[in-house]
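Below: the structure, in structure tokens.
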Amino acid sequence: MTECKIGSVVLRSPALLAPMAGVSDRVYRELCMDMGAGYCVSEMVSSKALSFHSKKSEELMEISSRERPCGIQIFGDEPSCMADAARHAMENHPDIIDINMGCPAPKISGNGSGSALMRHPQLCGEIVRAVVAVSDVPVTVKIRKGWDDESVNAVEIAKICEHAGASAITIHGRTRMQFYHPPVDYEIIRQVRHSVSIPVIANGDIDSAQKAKEVMERTDCDMVMIGRASMGNPWLFMQIKSYLEHPGQPLSYPTLEEKLGVMVAHVAKMVEYKGEYIAMKQARKLVIGYFKGMRGAAALRNEAGRLSSMDDLYKLKSRVLRG
């Protein structure tokens with residue numbers, strides 16, 4: 001396996017943790033990095049919110065030593081505001097600044113940010129150029145296939161971003177209008193990879209070590225970025241690294257007790273950082289991920305959706321272990 005780098009930043013492995021709003025907080029990033037992720041990125045931070053000194057946005061940019069290398073992702077549609085956000089982000093000493101040009105959520109793209117930027121290629125270049133000018137670290141960009149099937153322009157946007165100074169491109173192989181369905185178009189990722197000279201990271205529906213290897217071979221991409229598939233399965237990162245290095249060796253999987261132990265430790269750390277009320281509300285969808293594939297998973301998901309305290313979680317864990 002060749003060394004993975006973005007600019008001068010050396011990554012631990014080619015399996016990277018994607019930024020996910022409401023999921024990839026500091027606790028989740030620490031967990032996934034401990035489990036073998038090569039690099040992680042913060043939840044997306046609003047450039048406009050930073051301009052109003054939003055406390056929540058400030059907290060989203062906090063990085064611990066356990067997360068390194070870690071990037072801070074910013075979003076917005078005004079070059080000067082994005083440059084100010086990058087300056088602000090640099091105060092937290094990120095290893096990389098990432099620009100979100102791929103988020104399909106209506107509240108983001110509906111305001112001209114995220115994937116909506118792909119409808120304005122020139123603006124994409126202006127934003128990257130402005131952020132690169134004020135950043136002391138590599139700047140990367142996360143894009144999609146395009147806005148819709150009639151405007152597939154990932155190759156054009158990737159070239160513009162590279163020319164503006166981007167050090168790497170992550171591409172999700174769906175348009176904004178497709179959100180997370182139908183299947184990912186890996187051919188567009190391959191086309192982007194062969195159109196630029198900077199590293200390209202494939203994203204979308206990579207849910208196993210075997211799939212990661214298949215996607216890397218199919219697209220010629222340099223790395224893969226894992227999002228939803230890591231929820232409840234942070235072991236996926238070490239499995240991908242192991243499989244890429246030794247494809248003939250059997251993969252290691254956690255026992256039920258190990259899985260539930262990590263689940264409880266994960267949520268307990270969230271409670272430590274955020275307090276029980278907020279943490280338990282956010283933890284419900286994460287706990288559901290740990291039960292995926294288990295016998296009686298539907299009933300367990302229902303219980304997970306009602307969790308309100310660590311005591312509830314301990315009781316649920318005990319019931320699952322008793323069978």
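Here's how to read the names in the structure tokens: chain A, B, ... by the order shown, residue numbers from 1 in each chain, ligand numbers from 1 in the order shown.
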
Next item on the list: Just the residues within 6 Å of range 22-31 of chain A, please, counting only C-alpha atoms, with nothing from its chain fewer than 2 positions along; format it as a ChimeraX atom specification.
Entry: /A:19-20,33-34,43,66-67

How would the residues just chosen look if you wrote them out with C-alpha atoms as a PDB file, in the first residue's frame?
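This went into out_36.pdb:
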ATOM      1  CA  PRO A  19     -17.960  14.494   7.792  1.00  0.00           C
ATOM      2  CA  MET A  20     -21.561  13.837   8.839  1.00  0.00           C
ATOM      3  CA  MET A  33      -9.386   7.246  14.491  1.00  0.00           C
ATOM      4  CA  ASP A  34      -8.705   4.804  17.337  1.00  0.00           C
ATOM      5  CA  GLU A  43     -19.081  18.320  11.039  1.00  0.00           C
ATOM      6  CA  ARG A  66      -6.469  11.798  19.356  1.00  0.00           C
ATOM      7  CA  GLU A  67      -8.091  12.928  16.097  1.00  0.00           C
TER       8      GLU A  67
END

Notebook entry, point to check: So which residues of range 80-247 of chain A fall under strand (DSSP E or B) by DSSP, listed as a PyMOL selection string?
Noted result: chain A and resi 96-100+139-146+152+168-175+200-203+223-226

Deliver the residues from the most recent selection as a file, using C-alpha atoms, as a CSV table (one decimal), in the first residue's frame.
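out_11.csv was written with the following content:
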chain,number,residue,atom,x,y,z
A,96,ILE,CA,-6.6,20.5,6.5
A,97,ILE,CA,-9.4,22.9,5.6
A,98,ASP,CA,-12.2,21.2,3.6
A,99,ILE,CA,-14.8,23.0,1.6
A,100,ASN,CA,-18.3,21.5,1.3
A,139,VAL,CA,-7.4,22.9,1.2
A,140,THR,CA,-9.6,20.1,-0.1
A,141,VAL,CA,-13.1,20.1,-1.7
A,142,LYS,CA,-16.0,17.6,-1.4
A,143,ILE,CA,-18.3,17.5,-4.5
A,144,ARG,CA,-21.0,15.4,-6.1
A,145,LYS,CA,-21.5,14.1,-9.6
A,146,GLY,CA,-23.5,17.3,-10.4
A,152,VAL,CA,-23.2,16.3,-14.6
A,168,ALA,CA,-7.5,16.9,-3.1
A,169,ILE,CA,-11.0,16.2,-4.3
A,170,THR,CA,-13.6,14.0,-2.6
A,171,ILE,CA,-16.4,13.0,-4.9
A,172,HIS,CA,-19.7,11.3,-4.0
A,173,GLY,CA,-20.9,9.5,-7.1
A,174,ARG,CA,-24.5,10.8,-7.1
A,175,THR,CA,-26.1,14.1,-8.1
A,200,VAL,CA,-9.1,11.9,-5.5
A,201,ILE,CA,-11.1,10.3,-2.8
A,202,ALA,CA,-14.1,8.1,-3.6
A,203,ASN,CA,-17.3,8.4,-1.5
A,223,MET,CA,-8.4,6.8,-1.0
A,224,VAL,CA,-12.0,6.1,0.1
A,225,MET,CA,-14.2,8.0,2.4
A,226,ILE,CA,-16.7,6.2,4.7

Notebook entry, point to check: Could you name the residues that touch Lys107 in chain A at 12 Å or less, counting only C-alpha atoms, but leaving out those on the same chain fewer than 4 positions away, as a list of chain:residue names?
Noted result: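 That gives A:Ser46, A:Gly76, A:Cys103, A:Asn111, A:Gly112, A:Ser113, A:Gly114, A:Ser115, A:Ala116.
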
With N, CA and C atoms retained, could you export that selection as a compact mmCIF listing (two decimals), in the first residue's frame?
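The result, stored in part-v4.txt:
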# COMPACT_ATOMS: atom_id res chain seq x y z
N SER A 46 -20.82 26.48 9.38
CA SER A 46 -21.33 27.57 8.56
C SER A 46 -20.42 28.79 8.62
N GLY A 76 -20.49 27.60 2.63
CA GLY A 76 -21.00 28.93 2.38
C GLY A 76 -20.93 29.21 0.89
N CYS A 103 -23.08 18.85 -0.04
CA CYS A 103 -24.22 18.55 0.82
C CYS A 103 -25.54 18.75 0.06
N ASN A 111 -29.98 27.36 0.16
CA ASN A 111 -29.44 28.70 0.41
C ASN A 111 -28.21 29.01 -0.43
N GLY A 112 -27.98 28.17 -1.44
CA GLY A 112 -26.87 28.42 -2.36
C GLY A 112 -25.55 27.79 -1.98
N SER A 113 -25.51 27.06 -0.86
CA SER A 113 -24.27 26.44 -0.40
C SER A 113 -24.28 24.94 -0.73
N GLY A 114 -23.27 24.23 -0.27
CA GLY A 114 -23.21 22.79 -0.50
C GLY A 114 -23.24 22.46 -1.98
N SER A 115 -24.07 21.48 -2.35
CA SER A 115 -24.11 21.01 -3.74
C SER A 115 -24.64 22.06 -4.71
N ALA A 116 -25.32 23.09 -4.21
CA ALA A 116 -25.82 24.15 -5.09
C ALA A 116 -24.67 24.90 -5.77
